[in-house]
$ cat structure09.cif   # mmCIF, C-alpha atoms
data_start
#
loop_
_atom_site.group_PDB
_atom_site.id
_atom_site.type_symbol
_atom_site.label_atom_id
_atom_site.label_comp_id
_atom_site.auth_asym_id
_atom_site.auth_seq_id
_atom_site.Cartn_x
_atom_site.Cartn_y
_atom_site.Cartn_z
ATOM 1 C CA MET A 28 85.742 112.057 60.292
ATOM 2 C CA SER A 29 82.386 113.060 61.783
ATOM 3 C CA ASP A 30 81.729 109.445 62.796
ATOM 4 C CA LEU A 31 85.115 109.297 64.532
ATOM 5 C CA HIS A 32 84.371 112.549 66.337
ATOM 6 C CA SER A 33 80.978 111.251 67.452
ATOM 7 C CA LEU A 34 82.540 108.019 68.713
ATOM 8 C CA ASN A 35 85.197 109.967 70.629
ATOM 9 C CA GLU A 36 82.530 112.193 72.201
ATOM 10 C CA ALA A 37 80.478 109.152 73.205
ATOM 11 C CA ILE A 38 83.530 107.581 74.860
ATOM 12 C CA ASN A 39 84.364 110.834 76.645
ATOM 13 C CA LYS A 40 80.816 111.130 77.963
ATOM 14 C CA ARG A 41 80.661 107.578 79.232
ATOM 15 C CA ALA A 42 84.155 107.528 80.710
ATOM 16 C CA GLY A 43 84.058 111.037 82.140
ATOM 17 C CA ARG A 44 87.441 111.803 80.562
ATOM 18 C CA LYS A 45 88.747 113.262 77.303
ATOM 19 C CA LEU A 46 90.396 110.303 75.630
ATOM 20 C CA ILE A 47 92.831 111.910 73.171
ATOM 21 C CA PRO A 48 94.422 114.404 75.622
ATOM 22 C CA SER A 49 94.672 111.581 78.152
ATOM 23 C CA ILE A 50 96.631 109.405 75.699
ATOM 24 C CA GLY A 51 98.897 112.319 74.775
ATOM 25 C CA VAL A 52 99.729 113.111 78.399
ATOM 26 C CA GLY A 53 100.416 109.435 79.081
ATOM 27 C CA ILE A 54 102.895 109.274 76.193
ATOM 28 C CA VAL A 55 104.684 112.428 77.377
ATOM 29 C CA ILE A 56 104.995 111.103 80.948
ATOM 30 C CA LEU A 57 106.324 107.770 79.660
ATOM 31 C CA ALA A 58 108.908 109.568 77.512
ATOM 32 C CA LEU A 59 110.024 111.651 80.508
ATOM 33 C CA VAL A 60 110.389 108.539 82.665
ATOM 34 C CA ILE A 61 112.415 106.633 80.068
ATOM 35 C CA GLY A 62 114.557 109.657 79.248
ATOM 36 C CA SER A 63 115.278 110.435 82.906
ATOM 37 C CA LEU A 64 116.424 106.850 83.479
ATOM 38 C CA SER A 65 118.742 106.882 80.485
ATOM 39 C CA PHE A 66 121.059 109.828 81.176
ATOM 40 C CA PHE A 67 123.196 111.460 83.892
ATOM 41 C CA ASP A 68 123.337 108.406 86.153
ATOM 42 C CA ARG A 69 119.512 108.536 86.517
ATOM 43 C CA ILE A 70 119.660 111.640 88.727
ATOM 44 C CA LEU A 71 117.049 113.181 86.440
ATOM 45 C CA PHE A 72 114.622 110.483 87.546
ATOM 46 C CA LEU A 73 115.125 111.515 91.159
ATOM 47 C CA LEU A 74 114.401 115.135 90.262
ATOM 48 C CA LEU A 75 111.381 114.191 88.131
ATOM 49 C CA ALA A 76 109.912 111.992 90.874
ATOM 50 C CA LEU A 77 110.514 114.664 93.496
ATOM 51 C CA ALA A 78 108.786 117.282 91.327
ATOM 52 C CA PHE A 79 105.740 115.027 91.007
ATOM 53 C CA VAL A 80 105.735 114.424 94.763
ATOM 54 C CA TYR A 81 105.943 118.159 95.496
ATOM 55 C CA ARG A 82 102.978 118.715 93.207
ATOM 56 C CA GLY A 83 101.100 115.855 94.847
ATOM 57 C CA ILE A 84 101.607 117.357 98.302
ATOM 58 C CA TRP A 85 100.432 120.710 96.976
ATOM 59 C CA GLU A 86 97.297 119.115 95.511
ATOM 60 C CA MET A 87 96.575 117.278 98.752
ATOM 61 C CA ASN A 88 96.959 120.474 100.765
ATOM 62 C CA ARG A 89 94.682 122.333 98.370
ATOM 63 C CA ALA A 90 92.060 119.602 98.594
ATOM 64 C CA LEU A 91 92.177 119.345 102.383
ATOM 65 C CA THR A 92 91.666 123.080 102.838
ATOM 66 C CA ARG A 93 88.109 122.496 101.589
ATOM 67 C CA ALA A 94 87.540 120.625 104.854
ATOM 68 C CA ASN A 95 89.397 123.263 106.915
ATOM 69 C CA ILE A 96 92.363 120.923 107.332
ATOM 70 C CA SER A 97 95.849 122.372 107.021
ATOM 71 C CA ILE A 98 98.773 120.001 106.555
ATOM 72 C CA CYS A 99 102.279 121.018 107.582
ATOM 73 C CA SER A 100 104.355 122.927 105.017
ATOM 74 C CA SER A 101 107.428 121.048 106.289
ATOM 75 C CA LEU A 102 106.224 118.032 104.278
ATOM 76 C CA TYR A 103 108.171 119.342 101.286
ATOM 77 C CA PHE A 104 111.358 119.196 103.350
ATOM 78 C CA SER A 105 110.406 115.767 104.726
ATOM 79 C CA ALA A 106 109.749 114.459 101.216
ATOM 80 C CA THR A 107 113.191 115.655 100.133
ATOM 81 C CA VAL A 108 114.849 113.943 103.107
ATOM 82 C CA ILE A 109 113.064 110.646 102.401
ATOM 83 C CA PHE A 110 113.910 110.775 98.695
ATOM 84 C CA VAL A 111 117.581 111.586 99.222
ATOM 85 C CA ALA A 112 117.836 108.821 101.837
ATOM 86 C CA ALA A 113 116.126 106.368 99.473
ATOM 87 C CA TRP A 114 118.464 107.326 96.631
ATOM 88 C CA PHE A 115 121.664 106.827 98.593
ATOM 89 C CA GLU A 116 120.725 104.188 101.192
ATOM 90 C CA GLY A 117 117.769 102.296 99.755
ATOM 91 C CA ILE A 118 115.192 100.722 102.038
ATOM 92 C CA ALA A 119 117.258 101.352 105.161
ATOM 93 C CA GLY A 120 117.386 105.024 104.244
ATOM 94 C CA ILE A 121 113.624 105.152 103.739
ATOM 95 C CA ALA A 122 113.016 103.562 107.133
ATOM 96 C CA VAL A 123 115.349 105.890 109.032
ATOM 97 C CA ALA A 124 114.254 109.031 107.178
ATOM 98 C CA THR A 125 110.570 108.278 107.752
ATOM 99 C CA ALA A 126 111.197 107.525 111.429
ATOM 100 C CA LEU A 127 112.852 110.943 111.759
ATOM 101 C CA THR A 128 110.402 112.981 109.700
ATOM 102 C CA VAL A 129 107.259 111.713 111.459
ATOM 103 C CA PRO A 130 108.135 113.251 114.866
ATOM 104 C CA PHE A 131 109.566 116.297 113.077
ATOM 105 C CA THR A 132 106.202 116.799 111.366
ATOM 106 C CA LEU A 133 104.288 116.423 114.632
ATOM 107 C CA VAL A 134 106.490 118.996 116.353
ATOM 108 C CA ALA A 135 106.089 121.376 113.407
ATOM 109 C CA ILE A 136 102.290 121.081 113.721
ATOM 110 C CA LEU A 137 102.553 121.577 117.487
ATOM 111 C CA THR A 138 104.120 125.008 116.996
ATOM 112 C CA ARG A 139 100.744 126.192 115.689
ATOM 113 C CA GLY A 140 99.106 125.551 119.048
ATOM 114 C CA PRO A 141 96.492 123.035 120.223
ATOM 115 C CA GLN A 142 93.582 124.122 118.045
ATOM 116 C CA ASP A 143 92.814 121.483 115.360
ATOM 117 C CA PHE A 144 96.063 119.734 116.279
ATOM 118 C CA VAL A 145 94.638 116.224 115.941
ATOM 119 C CA ARG A 146 93.054 116.687 112.513
ATOM 120 C CA ASN A 147 96.022 118.606 111.076
ATOM 121 C CA ALA A 148 98.588 116.219 112.545
ATOM 122 C CA PHE A 149 96.773 113.097 111.320
ATOM 123 C CA ALA A 150 96.293 114.623 107.857
ATOM 124 C CA SER A 151 99.975 115.570 107.687
ATOM 125 C CA ILE A 152 101.189 112.107 108.692
ATOM 126 C CA PHE A 153 98.734 110.505 106.261
ATOM 127 C CA THR A 154 100.047 112.719 103.444
ATOM 128 C CA LEU A 155 103.641 111.896 104.389
ATOM 129 C CA ALA A 156 102.943 108.159 104.273
ATOM 130 C CA TYR A 157 100.653 108.262 101.237
ATOM 131 C CA ILE A 158 102.827 110.329 98.897
ATOM 132 C CA PRO A 159 106.595 110.602 99.597
ATOM 133 C CA PHE A 160 106.949 107.375 101.583
ATOM 134 C CA LEU A 161 105.192 105.158 99.030
ATOM 135 C CA ALA A 162 106.750 107.011 96.077
ATOM 136 C CA SER A 163 110.249 106.518 97.489
ATOM 137 C CA PHE A 164 110.092 102.835 96.490
ATOM 138 C CA LEU A 165 110.351 104.036 92.887
ATOM 139 C CA LEU A 166 113.836 105.289 93.658
ATOM 140 C CA THR A 167 114.992 102.004 95.160
ATOM 141 C CA MET A 168 114.010 100.290 91.917
ATOM 142 C CA ALA A 169 115.499 102.972 89.682
ATOM 143 C CA LYS A 170 118.902 102.779 91.405
ATOM 144 C CA GLU A 171 119.363 99.075 90.643
ATOM 145 C CA ASP A 172 121.591 98.059 87.732
ATOM 146 C CA ASP A 173 118.466 97.013 85.852
ATOM 147 C CA GLY A 174 116.504 100.014 87.096
ATOM 148 C CA LEU A 175 114.955 100.816 83.731
ATOM 149 C CA ARG A 176 113.594 97.259 83.459
ATOM 150 C CA ARG A 177 112.133 97.418 86.963
ATOM 151 C CA ILE A 178 110.461 100.769 86.435
ATOM 152 C CA MET A 179 109.135 99.695 83.045
ATOM 153 C CA THR A 180 107.707 96.547 84.612
ATOM 154 C CA LEU A 181 105.845 98.727 87.102
ATOM 155 C CA VAL A 182 104.691 101.042 84.302
ATOM 156 C CA VAL A 183 103.418 98.149 82.176
ATOM 157 C CA LEU A 184 101.521 96.572 85.080
ATOM 158 C CA VAL A 185 99.843 99.829 86.098
ATOM 159 C CA ALA A 186 99.173 100.828 82.490
ATOM 160 C CA CYS A 187 97.560 97.461 81.701
ATOM 161 C CA ASN A 188 95.375 97.707 84.787
ATOM 162 C CA ASP A 189 94.263 101.287 84.168
ATOM 163 C CA THR A 190 94.039 101.263 80.375
ATOM 164 C CA PHE A 191 92.216 97.985 79.861
ATOM 165 C CA GLY A 192 90.053 98.563 82.900
ATOM 166 C CA TYR A 193 89.081 101.845 81.263
ATOM 167 C CA ILE A 194 88.425 100.263 77.843
ATOM 168 C CA PHE A 195 86.458 97.275 79.140
ATOM 169 C CA GLY A 196 84.542 99.539 81.500
ATOM 170 C CA VAL A 197 83.576 101.983 78.739
ATOM 171 C CA LEU A 198 82.575 99.277 76.275
ATOM 172 C CA LEU A 199 81.004 96.686 78.573
ATOM 173 C CA GLY A 200 80.634 98.197 82.028
ATOM 174 C CA LYS A 201 77.212 97.670 83.609
ATOM 175 C CA HIS A 202 77.751 96.320 87.115
ATOM 176 C CA LYS A 203 79.337 98.799 89.514
ATOM 177 C CA ILE A 204 82.018 97.740 92.003
ATOM 178 C CA ALA A 205 81.671 100.590 94.479
ATOM 179 C CA PRO A 206 79.124 103.130 93.203
ATOM 180 C CA THR A 207 79.422 105.378 96.258
ATOM 181 C CA ILE A 208 83.208 105.595 95.882
ATOM 182 C CA SER A 209 83.913 105.352 92.141
ATOM 183 C CA PRO A 210 80.669 105.308 90.115
ATOM 184 C CA LYS A 211 82.369 104.541 86.788
ATOM 185 C CA LYS A 212 84.381 101.549 87.988
ATOM 186 C CA SER A 213 82.693 98.289 86.986
ATOM 187 C CA TRP A 214 83.221 94.567 87.412
ATOM 188 C CA GLU A 215 83.520 94.262 83.642
ATOM 189 C CA GLY A 216 86.341 96.809 83.698
ATOM 190 C CA LEU A 217 87.998 94.898 86.519
ATOM 191 C CA ALA A 218 87.790 91.706 84.462
ATOM 192 C CA GLY A 219 89.593 93.485 81.631
ATOM 193 C CA SER A 220 92.246 94.653 84.090
ATOM 194 C CA VAL A 221 92.731 91.131 85.449
ATOM 195 C CA ILE A 222 93.102 89.492 82.037
ATOM 196 C CA CYS A 223 95.379 92.072 80.446
ATOM 197 C CA THR A 224 97.530 92.805 83.504
ATOM 198 C CA ALA A 225 98.102 89.066 83.962
ATOM 199 C CA VAL A 226 99.265 88.871 80.342
ATOM 200 C CA GLY A 227 101.422 91.972 80.759
ATOM 201 C CA GLY A 228 102.957 90.623 83.961
ATOM 202 C CA SER A 229 103.691 87.289 82.324
ATOM 203 C CA LEU A 230 105.426 88.968 79.375
ATOM 204 C CA MET A 231 107.505 91.316 81.543
ATOM 205 C CA LEU A 232 108.606 88.749 84.127
ATOM 206 C CA SER A 233 109.491 86.134 81.518
ATOM 207 C CA SER A 234 111.278 88.591 79.206
ATOM 208 C CA TYR A 235 113.150 90.719 81.747
ATOM 209 C CA PHE A 236 113.629 88.420 84.737
ATOM 210 C CA ASP A 237 113.637 84.890 83.264
ATOM 211 C CA GLN A 238 110.659 83.784 85.341
ATOM 212 C CA PRO A 239 108.025 81.161 84.407
ATOM 213 C CA TRP A 240 104.924 82.603 82.801
ATOM 214 C CA TRP A 241 102.757 81.757 85.805
ATOM 215 C CA VAL A 242 104.937 83.872 88.114
ATOM 216 C CA GLY A 243 104.203 86.875 85.913
ATOM 217 C CA VAL A 244 100.499 86.048 85.998
ATOM 218 C CA LEU A 245 100.528 86.028 89.807
ATOM 219 C CA VAL A 246 102.436 89.311 89.876
ATOM 220 C CA GLY A 247 99.908 90.791 87.463
ATOM 221 C CA LEU A 248 97.007 89.704 89.669
ATOM 222 C CA GLY A 249 98.698 91.240 92.689
ATOM 223 C CA ALA A 250 99.219 94.478 90.770
ATOM 224 C CA VAL A 251 95.514 94.573 89.893
ATOM 225 C CA ILE A 252 94.693 94.456 93.605
ATOM 226 C CA THR A 253 97.157 97.200 94.575
ATOM 227 C CA ALA A 254 96.483 99.468 91.596
ATOM 228 C CA THR A 255 92.701 99.175 91.880
ATOM 229 C CA SER A 256 92.883 99.750 95.628
ATOM 230 C CA GLY A 257 95.014 102.838 95.034
ATOM 231 C CA ASP A 258 92.459 104.175 92.579
ATOM 232 C CA LEU A 259 89.588 103.541 95.000
ATOM 233 C CA ILE A 260 91.455 105.154 97.904
ATOM 234 C CA GLU A 261 92.049 108.307 95.908
ATOM 235 C CA SER A 262 88.427 108.283 94.745
ATOM 236 C CA ALA A 263 87.298 108.025 98.370
ATOM 237 C CA ILE A 264 89.429 111.049 99.249
ATOM 238 C CA LYS A 265 87.824 113.030 96.438
ATOM 239 C CA ARG A 266 84.306 111.934 97.363
ATOM 240 C CA ASP A 267 84.885 112.862 100.979
ATOM 241 C CA LEU A 268 86.130 116.312 99.956
ATOM 242 C CA ASP A 269 83.537 116.735 97.174
ATOM 243 C CA LEU A 270 86.079 116.946 94.356
ATOM 244 C CA LYS A 271 85.990 115.610 90.810
ATOM 245 C CA ASP A 272 89.779 115.764 90.388
ATOM 246 C CA MET A 273 92.681 116.566 92.676
ATOM 247 C CA GLY A 274 93.950 119.110 90.148
ATOM 248 C CA ALA A 275 93.988 120.160 86.515
ATOM 249 C CA LEU A 276 97.671 119.998 85.608
ATOM 250 C CA LEU A 277 97.395 116.939 83.334
ATOM 251 C CA PRO A 278 94.719 117.215 80.601
ATOM 252 C CA GLY A 279 92.535 114.136 80.465
ATOM 253 C CA HIS A 280 93.831 112.907 83.815
ATOM 254 C CA GLY A 281 93.246 115.726 86.292
ATOM 255 C CA GLY A 282 95.976 116.272 88.841
ATOM 256 C CA VAL A 283 99.232 114.489 89.541
ATOM 257 C CA LEU A 284 97.575 112.444 92.291
ATOM 258 C CA ASP A 285 94.895 111.341 89.830
ATOM 259 C CA ARG A 286 97.709 109.828 87.753
ATOM 260 C CA LEU A 287 99.826 108.498 90.619
ATOM 261 C CA ASP A 288 97.090 106.867 92.694
ATOM 262 C CA SER A 289 97.658 103.395 91.246
ATOM 263 C CA VAL A 290 101.440 103.798 91.123
ATOM 264 C CA LEU A 291 101.783 104.738 94.795
ATOM 265 C CA LEU A 292 100.273 101.534 96.171
ATOM 266 C CA THR A 293 101.782 99.306 93.492
ATOM 267 C CA SER A 294 105.390 100.504 93.854
ATOM 268 C CA PRO A 295 106.179 98.737 97.172
ATOM 269 C CA PHE A 296 104.549 95.545 95.894
ATOM 270 C CA VAL A 297 106.559 95.495 92.666
ATOM 271 C CA TRP A 298 109.764 96.396 94.523
ATOM 272 C CA ALA A 299 109.265 93.456 96.904
ATOM 273 C CA ILE A 300 108.383 90.964 94.148
ATOM 274 C CA LEU A 301 111.273 91.927 91.879
ATOM 275 C CA ASN A 302 113.724 91.725 94.761
ATOM 276 C CA LEU A 303 112.387 88.279 95.554
ATOM 277 C CA VAL A 304 112.558 86.873 92.036
ATOM 278 C CA SER A 305 115.946 88.370 91.197
#
$ encode --input "structure09.cif" --output "structure tokens"
Amino acid sequence: MSDLHSLNEAINKRAGRKLIPSIGVGIVILALVIGSLSFFDRILFLLLALAFVYRGIWEMNRALTRANISICSSLYFSATVIFVAAWFEGIAGIAVATALTVPFTLVAILTRGPQDFVRNAFASIFTLAYIPFLASFLLTMAKEDDGLRRIMTLVVLVACNDTFGYIFGVLLGKHKIAPTISPKKSWEGLAGSVICTAVGGSLMLSSYFDQPWWVGVLVGLGAVITATSGDLIESAIKRDLDLKDMGALLPGHGGVLDRLDSVLLTSPFVWAILNLVS
């Protein structure tokens, strides 16, 4: 038992995360996602996703205040509009709702006066695009007849990228990808992500969507690019604002945005690919 504890502590120190709480939180989130897609015509998934988006906006606002940037509080309303439009009208709804909420957000910022208008307006529009807009693609997948399969495909791709990148990085990582942005991310970890996400993509696309194995491999490689980019973008935000985590809601993960960073950029990619192949 003491050897296991020592090994766990060594992993935690090298990875910068507590491994066991991280696994537990991941299992709980997965159970919530599956459960919300299985009952009440999936409306629970809409509510769950919206709750995560609200929390993400809150975390972004909290982080930006460190740099004296104040995003518009109307973003919660805008996120709701985009999500409802996505739920009922799909991609067309997302496009129209975003086109309406962008000028609405700018006008809401304008009511504060000209001081810091540019920085607050740009930060608000960035937050709108980064969180509710990208997350709304989850709803377009969830509403399909095979919504659970589509969401689970996304979950598997992101989980393979993050989990095996983490494992390979902890065990073998020596050569840093971007030390000034994400010091713990290594080329060895990326290799683990590439191999395992390609396998995961191949299994999901062949099992759920009757595609050749090589199509799944290509999808997996694309997911590695989007998920890793999402992780690096969020890391850059934290480095710029001198933060370790965007929050502390999820033990072992940090904040909601620390968990959603890979999902946000991967969702539109997976939505587009699955629409194409099916």
$ residues_around --input "structure09.cif" --residues "Leu303 in chain A" --least-positions-apart "3" --cutoff "12 Å" --atoms "all atoms listed in the file" --output "list in words"
Phe236, Gln238, Val242, Val246, Phe296, Val297, Trp298, Ala299 and Ile300 of chain A
$ atom_distance --input "structure09.cif" --atom1 "CA of Ser294 in chain A" --atom2 "CA of Ile136 in chain A"
28.8 Å
$ closest_residue --input "structure09.cif" --among "A:Gly216, A:Gly282, A:Gly140, A:Gly243" --to "Glu261 in chain A" --atoms "only C-alpha atoms"
A:Gly282
$ closest_residue --input "structure09.cif" --among "A:Thr253, A:Phe160, A:Thr167, A:Phe72" --to "Ile109 in chain A" --atoms "only C-alpha atoms"
A:Phe160
$ closest_residue --input "structure09.cif" --among "A:Phe66, A:Leu165, A:Gly83, A:Tyr103" --to "Gly281 in chain A" --atoms "all atoms listed in the file"
A:Gly83
$ atom_distance --input "structure09.cif" --atom1 "CA of Thr255 in chain A" --atom2 "CA of Ala90 in chain A"
21.5 Å
$ residues_around --input "structure09.cif" --residues "Phe149 in chain A" --least-positions-apart "5" --cutoff "12 Å" --atoms "only C-alpha atoms" --output "ChimeraX atom specification"
/A:91,96-99,129-130,132-133,136-137,143-144,154-157
$ atom_distance --input "structure09.cif" --atom1 "CA of Cys223 in chain A" --atom2 "CA of Asn188 in chain A"
7.1 Å
$ resolve_selection --input "structure09.cif" --expression "the PyMOL selection byres ((chain A and resi 175) around 10)" --output "list in words"
Val60, Ile61, Gly62, Ser63, Leu64, Ser65, Arg69, Met168, Ala169, Lys170, Glu171, Asp172, Asp173, Gly174, Arg176, Arg177, Ile178, Met179, Thr180 and Leu181 of chain A
$ closest_residue --input "structure09.cif" --among "A:Pro239, A:Lys203, A:Cys187, A:Gly249" --to "Ile222 in chain A" --atoms "only C-alpha atoms"
A:Cys187
$ closest_residue --input "structure09.cif" --among "A:Val283, A:Ile152, A:Ala250, A:Leu77" --to "Phe131 in chain A" --atoms "only C-alpha atoms"
A:Ile152
$ closest_residue --input "structure09.cif" --among "A:Pro295, A:Leu268, A:Ile260, A:Ala112" --to "Asn88 in chain A" --atoms "all atoms listed in the file"
A:Leu268
$ resolve_selection --input "structure09.cif" --expression "the PyMOL selection byres ((chain A and resi 290) around 9)" --output "compact mmCIF listing (two decimals) with C-alpha atoms, in the coordinates of the input"
# COMPACT_ATOMS: atom_id res chain seq x y z
CA LEU A 161 105.19 105.16 99.03
CA ALA A 162 106.75 107.01 96.08
CA LEU A 181 105.84 98.73 87.10
CA VAL A 182 104.69 101.04 84.30
CA VAL A 185 99.84 99.83 86.10
CA THR A 253 97.16 97.20 94.58
CA ALA A 254 96.48 99.47 91.60
CA GLY A 257 95.01 102.84 95.03
CA ARG A 286 97.71 109.83 87.75
CA LEU A 287 99.83 108.50 90.62
CA ASP A 288 97.09 106.87 92.69
CA SER A 289 97.66 103.40 91.25
CA LEU A 291 101.78 104.74 94.80
CA LEU A 292 100.27 101.53 96.17
CA THR A 293 101.78 99.31 93.49
CA SER A 294 105.39 100.50 93.85
$ axis_aligned_box --input "structure09.cif" --around "range 96-107 of chain A" --padding-each-side "4 Å" --output "JSON"
{"center_x": 102.8, "center_y": 118.7, "center_z": 103.9, "size_x": 28.8, "size_y": 16.5, "size_z": 15.4}
